[in-house]
Amino acid sequence: MDPKKTRDLPGKTIERLSQYRRILFNSTNEGKTNIYSHELAKVMNLTPVQVRRDLMLIGYSGSQSKGYVIKDLIALIGSIIDSKEPQNVAIVGMGNLGRAITSYFSGKRDRLSIVAAFDNDPQKTDRIIGGVPCHHINKISEVIPAMNIKMAILTVAPEGTFDVAKMLMNAGVKGLLNYTSVPLTVPDNIHLEEYDIITSLEKLAFFVKQDFDE
């Protein structure tokens, strides 16, 4: 796909492409070689039209009789989402959530690796946690450029979010995944994704509540 067109893909489309690829991987593990748009749609609670629209945006179309060739679609999505060279990620905050994310992500992608962790607890620093060396937060400015880390995951306490984000950006990080409850404002040249579990849970509670209010 043309790199210029790739840059123009909507963020939500990129999210769905990542989810499609996970489903496709699972399908190959089940021995499937082809898949239809309605099958992808059902797993993701989408319409088949939305699936076909997303795949048309990346220049892929299946056949009415056989659907999509899974291995070809996995390869195409990978060529769009993945970088040519492996990308290194840091995680800041090695509490329960930080350790869980590190352990879960280990080995999931060959082009994307959590290679360093940071914390301010002396009982966690200068150790290997979840297979990743954990450094003191004060070493961010040293470790980030030395390991060519361009992305970081924040799982720190709310009061430390702004300071840590600033340290990371000053050290050369270009992408932040914020798991804290504090919303961040970043410069235009920084890519930010925020995951607010409280808002997500309250949204879920709202819809569940409707069942009891009827």
# chains A, B, ... in the order shown; residues from 1 in each chain; ligands from 1
call {"tool": "select_by_dssp", "arguments": {"residues": "chain A", "states": "alpha helix (DSSP H)", "output": "ChimeraX atom specification"}}
result
/A:3-7,11-29,37-44,48-57,70-81,96-105,140-146,161-171,197-213
call {"tool": "residues_around", "arguments": {"residues": "Asn138 in chain A", "least_positions_apart": "6", "cutoff": "12 Å", "atoms": "only C-alpha atoms", "output": "ChimeraX atom specification"}}
result
/A:92,117-122,125,144,163-164,167-168,171
call {"tool": "write_last_selection", "arguments": {"atoms": "N, CA and C atoms", "output": "PDB file, in the first residue's frame"}}
result
ATOM      1  N   VAL A  92       6.599   2.538  32.531  1.00  0.00           N
ATOM      2  CA  VAL A  92       6.948   3.292  33.732  1.00  0.00           C
ATOM      3  C   VAL A  92       5.897   3.045  34.798  1.00  0.00           C
ATOM      4  N   ALA A 117      11.954  -1.081  31.960  1.00  0.00           N
ATOM      5  CA  ALA A 117      10.927  -0.633  32.897  1.00  0.00           C
ATOM      6  C   ALA A 117      11.558   0.385  33.851  1.00  0.00           C
ATOM      7  N   PHE A 118      10.694   1.225  34.428  1.00  0.00           N
ATOM      8  CA  PHE A 118      11.163   2.241  35.371  1.00  0.00           C
ATOM      9  C   PHE A 118      10.222   2.310  36.566  1.00  0.00           C
ATOM     10  N   ASP A 119      10.808   2.581  37.725  1.00  0.00           N
ATOM     11  CA  ASP A 119      10.017   2.744  38.937  1.00  0.00           C
ATOM     12  C   ASP A 119      10.860   3.561  39.917  1.00  0.00           C
ATOM     13  N   ASN A 120      10.209   4.094  40.956  1.00  0.00           N
ATOM     14  CA  ASN A 120      10.979   4.838  41.975  1.00  0.00           C
ATOM     15  C   ASN A 120      11.086   4.083  43.291  1.00  0.00           C
ATOM     16  N   ASP A 121      10.613   2.835  43.294  1.00  0.00           N
ATOM     17  CA  ASP A 121      10.695   1.994  44.486  1.00  0.00           C
ATOM     18  C   ASP A 121      12.029   1.243  44.473  1.00  0.00           C
ATOM     19  N   PRO A 122      12.916   1.508  45.448  1.00  0.00           N
ATOM     20  CA  PRO A 122      14.218   0.839  45.447  1.00  0.00           C
ATOM     21  C   PRO A 122      14.145  -0.683  45.517  1.00  0.00           C
ATOM     22  N   THR A 125      13.843  -1.549  41.627  1.00  0.00           N
ATOM     23  CA  THR A 125      14.856  -1.118  40.669  1.00  0.00           C
ATOM     24  C   THR A 125      16.099  -1.997  40.730  1.00  0.00           C
ATOM     25  N   ILE A 144      16.521   5.762  27.919  1.00  0.00           N
ATOM     26  CA  ILE A 144      15.640   5.902  26.755  1.00  0.00           C
ATOM     27  C   ILE A 144      16.430   6.113  25.457  1.00  0.00           C
ATOM     28  N   ASP A 163       4.918  14.753  35.389  1.00  0.00           N
ATOM     29  CA  ASP A 163       6.383  14.813  35.457  1.00  0.00           C
ATOM     30  C   ASP A 163       7.028  13.683  34.667  1.00  0.00           C
ATOM     31  N   VAL A 164       6.483  12.472  34.796  1.00  0.00           N
ATOM     32  CA  VAL A 164       7.052  11.323  34.093  1.00  0.00           C
ATOM     33  C   VAL A 164       6.881  11.483  32.587  1.00  0.00           C
ATOM     34  N   MET A 167       9.461  13.885  31.333  1.00  0.00           N
ATOM     35  CA  MET A 167      10.782  13.257  31.296  1.00  0.00           C
ATOM     36  C   MET A 167      10.935  12.359  30.076  1.00  0.00           C
ATOM     37  N   LEU A 168       9.904  11.590  29.790  1.00  0.00           N
ATOM     38  CA  LEU A 168       9.951  10.668  28.661  1.00  0.00           C
ATOM     39  C   LEU A 168      10.047  11.422  27.333  1.00  0.00           C
ATOM     40  N   ALA A 171      13.358  12.874  26.752  1.00  0.00           N
ATOM     41  CA  ALA A 171      14.364  11.852  26.456  1.00  0.00           C
ATOM     42  C   ALA A 171      14.245  11.311  25.039  1.00  0.00           C
TER      43      ALA A 171
END
call {"tool": "residues_around", "arguments": {"residues": "Val182 in chain A", "least_positions_apart": "6", "cutoff": "9 Å", "atoms": "only C-alpha atoms", "output": "list in words"}}
result
Pro158, Glu159, Thr161, Phe162 and Asp196 of chain A
call {"tool": "closest_residue", "arguments": {"among": "A:Ile35, A:Ile81, A:Ala205, A:Met151", "to": "Arg16 in chain A", "atoms": "only C-alpha atoms"}}
result
A:Ile81
call {"tool": "closest_atom_pairs", "arguments": {"of": "range 134-182 of chain A", "to": "range 103-113 of chain A", "cutoff": "12 Å", "atoms": "only C-alpha atoms", "output": "CSV"}}
result
residue,atom,partner,partner_atom,distance
A:Met147,CA,A:Ser113,CA,11.6
A:Asn148,CA,A:Ser113,CA,11.8
A:Ile149,CA,A:Ser113,CA,9.8
A:Lys150,CA,A:Leu112,CA,10.9
A:Met151,CA,A:Leu112,CA,9.9
A:Ala152,CA,A:Ser113,CA,10.8
A:Ile153,CA,A:Ser113,CA,11.8
call {"tool": "closest_residue", "arguments": {"among": "A:Val49, A:Leu57, A:Met94, A:Val208", "to": "Ile14 in chain A", "atoms": "only C-alpha atoms"}}
result
A:Leu57
call {"tool": "residues_around", "arguments": {"residues": "Ser18 in chain A", "least_positions_apart": "5", "cutoff": "9 Å", "atoms": "only C-alpha atoms", "output": "list in words"}}
result
Thr13, Ile23, Ile77, Gly78 and Ile81 of chain A
call {"tool": "write_last_selection", "arguments": {"atoms": "N, CA and C atoms", "output": "PDB file, in the first residue's frame"}}
result
ATOM      1  N   THR A  13      -9.649   2.926  12.240  1.00  0.00           N
ATOM      2  CA  THR A  13      -9.390   1.857  11.275  1.00  0.00           C
ATOM      3  C   THR A  13      -8.149   1.076  11.675  1.00  0.00           C
ATOM      4  N   ILE A  23      -7.718 -11.856  15.369  1.00  0.00           N
ATOM      5  CA  ILE A  23      -8.728 -12.859  15.016  1.00  0.00           C
ATOM      6  C   ILE A  23      -8.190 -13.793  13.941  1.00  0.00           C
ATOM      7  N   ILE A  77      -1.871  -6.587   6.553  1.00  0.00           N
ATOM      8  CA  ILE A  77      -2.060  -5.780   7.766  1.00  0.00           C
ATOM      9  C   ILE A  77      -0.724  -5.551   8.466  1.00  0.00           C
ATOM     10  N   GLY A  78       0.123  -6.578   8.501  1.00  0.00           N
ATOM     11  CA  GLY A  78       1.433  -6.442   9.107  1.00  0.00           C
ATOM     12  C   GLY A  78       2.287  -5.411   8.401  1.00  0.00           C
ATOM     13  N   ILE A  81       0.785  -1.983   9.683  1.00  0.00           N
ATOM     14  CA  ILE A  81       0.899  -1.651  11.108  1.00  0.00           C
ATOM     15  C   ILE A  81       2.338  -1.721  11.596  1.00  0.00           C
TER      16      ILE A  81
END
call {"tool": "closest_residue", "arguments": {"among": "A:Ile74, A:Val69, A:Val173, A:Ala90", "to": "Pro133 in chain A", "atoms": "only C-alpha atoms"}}
result
A:Ala90
call {"tool": "residues_around", "arguments": {"residues": "Gly131 in chain A", "least_positions_apart": "3", "cutoff": "10 Å", "atoms": "only C-alpha atoms", "output": "CSV table (one decimal) with C-alpha atoms, in the first residue's frame"}}
result
chain,number,residue,atom,x,y,z
A,99,ARG,CA,3.9,-6.1,35.8
A,102,THR,CA,4.7,-6.6,30.8
A,103,SER,CA,4.1,-10.3,31.3
A,106,SER,CA,6.0,-10.7,26.3
A,114,ILE,CA,9.0,-3.9,26.1
A,115,VAL,CA,12.7,-3.7,26.7
A,116,ALA,CA,13.0,-1.5,29.8
A,117,ALA,CA,10.9,-0.6,32.9
A,127,ARG,CA,16.2,-6.0,39.1
A,128,ILE,CA,14.7,-8.1,36.3
A,134,CYS,CA,13.8,-2.2,35.9
call {"tool": "select_by_dssp", "arguments": {"residues": "range 14-176 of chain A", "states": "strand (DSSP E)", "output": "PyMOL selection string"}}
result
chain A and resi 34-35+68-69+87-92+112-119+127-129+132-136+149-154+175-176
call {"tool": "write_last_selection", "arguments": {"atoms": "N, CA and C atoms", "output": "mmCIF file, in the first residue's frame"}}
result
data_model
loop_
_atom_site.group_PDB
_atom_site.id
_atom_site.type_symbol
_atom_site.label_atom_id
_atom_site.label_comp_id
_atom_site.auth_asym_id
_atom_site.auth_seq_id
_atom_site.Cartn_x
_atom_site.Cartn_y
_atom_site.Cartn_z
ATOM 1 N N ASN A 34 -9.290 -19.512 5.018
ATOM 2 C CA ASN A 34 -10.077 -18.400 4.477
ATOM 3 C C ASN A 34 -11.099 -17.949 5.507
ATOM 4 N N ILE A 35 -11.519 -16.692 5.369
ATOM 5 C CA ILE A 35 -12.511 -16.165 6.301
ATOM 6 C C ILE A 35 -13.369 -15.137 5.573
ATOM 7 N N TYR A 68 -11.801 -14.036 2.324
ATOM 8 C CA TYR A 68 -10.443 -13.504 2.339
ATOM 9 C C TYR A 68 -9.438 -14.627 2.621
ATOM 10 N N VAL A 69 -8.298 -14.576 1.944
ATOM 11 C CA VAL A 69 -7.215 -15.516 2.223
ATOM 12 C C VAL A 69 -6.494 -15.036 3.480
ATOM 13 N N GLN A 87 10.623 -2.112 17.127
ATOM 14 C CA GLN A 87 10.470 -0.902 17.931
ATOM 15 C C GLN A 87 10.491 -1.262 19.413
ATOM 16 N N ASN A 88 11.216 -0.460 20.168
ATOM 17 C CA ASN A 88 11.367 -0.698 21.596
ATOM 18 C C ASN A 88 10.396 0.146 22.403
ATOM 19 N N VAL A 89 9.891 -0.451 23.462
ATOM 20 C CA VAL A 89 8.904 0.190 24.328
ATOM 21 C C VAL A 89 9.396 0.151 25.774
ATOM 22 N N ALA A 90 9.103 1.206 26.517
ATOM 23 C CA ALA A 90 9.383 1.227 27.959
ATOM 24 C C ALA A 90 8.060 1.266 28.720
ATOM 25 N N ILE A 91 8.085 0.769 29.937
ATOM 26 C CA ILE A 91 6.916 0.877 30.808
ATOM 27 C C ILE A 91 7.352 1.539 32.106
ATOM 28 N N VAL A 92 6.599 2.538 32.531
ATOM 29 C CA VAL A 92 6.948 3.292 33.732
ATOM 30 C C VAL A 92 5.897 3.045 34.798
ATOM 31 N N LEU A 112 7.764 -5.527 18.127
ATOM 32 C CA LEU A 112 7.379 -4.599 19.196
ATOM 33 C C LEU A 112 7.696 -5.247 20.531
ATOM 34 N N SER A 113 8.634 -4.653 21.281
ATOM 35 C CA SER A 113 9.091 -5.306 22.517
ATOM 36 C C SER A 113 9.219 -4.304 23.662
ATOM 37 N N ILE A 114 8.753 -4.703 24.839
ATOM 38 C CA ILE A 114 9.020 -3.927 26.054
ATOM 39 C C ILE A 114 10.420 -4.306 26.514
ATOM 40 N N VAL A 115 11.340 -3.368 26.438
ATOM 41 C CA VAL A 115 12.745 -3.664 26.706
ATOM 42 C C VAL A 115 13.274 -3.022 27.992
ATOM 43 N N ALA A 116 12.492 -2.121 28.589
ATOM 44 C CA ALA A 116 12.951 -1.470 29.816
ATOM 45 C C ALA A 116 11.758 -1.052 30.655
ATOM 46 N N ALA A 117 11.954 -1.081 31.960
ATOM 47 C CA ALA A 117 10.927 -0.633 32.897
ATOM 48 C C ALA A 117 11.558 0.385 33.851
ATOM 49 N N PHE A 118 10.694 1.225 34.428
ATOM 50 C CA PHE A 118 11.163 2.241 35.371
ATOM 51 C C PHE A 118 10.222 2.310 36.566
ATOM 52 N N ASP A 119 10.808 2.581 37.725
ATOM 53 C CA ASP A 119 10.017 2.744 38.937
ATOM 54 C C ASP A 119 10.860 3.561 39.917
ATOM 55 N N ARG A 127 16.604 -4.624 39.102
ATOM 56 C CA ARG A 127 16.183 -6.023 39.094
ATOM 57 C C ARG A 127 15.559 -6.349 37.741
ATOM 58 N N ILE A 128 15.400 -7.629 37.473
ATOM 59 C CA ILE A 128 14.658 -8.077 36.292
ATOM 60 C C ILE A 128 13.243 -8.418 36.753
ATOM 61 N N ILE A 129 12.250 -7.744 36.189
ATOM 62 C CA ILE A 129 10.853 -7.982 36.543
ATOM 63 C C ILE A 129 10.095 -8.334 35.262
ATOM 64 N N VAL A 132 12.155 -8.107 32.165
ATOM 65 C CA VAL A 132 12.593 -6.786 31.718
ATOM 66 C C VAL A 132 13.400 -6.106 32.822
ATOM 67 N N PRO A 133 14.552 -5.513 32.492
ATOM 68 C CA PRO A 133 15.318 -4.791 33.511
ATOM 69 C C PRO A 133 14.571 -3.544 33.980
ATOM 70 N N CYS A 134 14.491 -3.381 35.295
ATOM 71 C CA CYS A 134 13.778 -2.239 35.867
ATOM 72 C C CYS A 134 14.793 -1.232 36.418
ATOM 73 N N HIS A 135 14.741 -0.015 35.906
ATOM 74 C CA HIS A 135 15.652 1.052 36.304
ATOM 75 C C HIS A 135 14.932 2.072 37.178
ATOM 76 N N HIS A 136 15.694 2.872 37.894
ATOM 77 C CA HIS A 136 15.084 3.975 38.640
ATOM 78 C C HIS A 136 14.624 5.040 37.655
ATOM 79 N N ILE A 149 14.451 3.896 22.533
ATOM 80 C CA ILE A 149 13.048 3.669 22.896
ATOM 81 C C ILE A 149 12.215 4.864 22.443
ATOM 82 N N LYS A 150 11.198 4.619 21.646
ATOM 83 C CA LYS A 150 10.362 5.689 21.122
ATOM 84 C C LYS A 150 8.937 5.673 21.660
ATOM 85 N N MET A 151 8.585 4.625 22.408
ATOM 86 C CA MET A 151 7.234 4.527 22.958
ATOM 87 C C MET A 151 7.295 4.138 24.434
ATOM 88 N N ALA A 152 6.320 4.627 25.198
ATOM 89 C CA ALA A 152 6.301 4.294 26.624
ATOM 90 C C ALA A 152 4.865 4.126 27.102
ATOM 91 N N ILE A 153 4.708 3.225 28.048
ATOM 92 C CA ILE A 153 3.418 2.955 28.682
ATOM 93 C C ILE A 153 3.471 3.518 30.098
ATOM 94 N N LEU A 154 2.490 4.327 30.458
ATOM 95 C CA LEU A 154 2.458 4.939 31.788
ATOM 96 C C LEU A 154 1.470 4.210 32.688
ATOM 97 N N GLY A 175 5.751 8.409 21.450
ATOM 98 C CA GLY A 175 4.410 7.863 21.615
ATOM 99 C C GLY A 175 4.171 7.450 23.055
ATOM 100 N N LEU A 176 3.027 7.849 23.606
ATOM 101 C CA LEU A 176 2.684 7.532 24.997
ATOM 102 C C LEU A 176 1.347 6.804 25.055
#
call {"tool": "residues_around", "arguments": {"residues": "Thr155 in chain A", "least_positions_apart": "2", "cutoff": "6 Å", "atoms": "only C-alpha atoms", "output": "tab-separated table (two decimals) with C-alpha atoms, in the first residue's frame"}}
result
chain	number	residue	atom	x	y	z
A	92	VAL	CA	6.95	3.29	33.73
A	93	GLY	CA	5.42	2.06	36.97
A	98	GLY	CA	2.70	-2.60	35.04
A	179	TYR	CA	-3.10	4.01	31.64
A	180	THR	CA	-3.37	6.54	34.47
call {"tool": "residues_around", "arguments": {"residues": "Leu76 in chain A", "least_positions_apart": "3", "cutoff": "9 Å", "atoms": "only C-alpha atoms", "output": "ChimeraX atom specification"}}
result
/A:1,58,60,71-73,79-81
call {"tool": "atom_distance", "arguments": {"atom1": "CA of Gln50 in chain A", "atom2": "CA of Asp82 in chain A"}}
result
22.4 Å
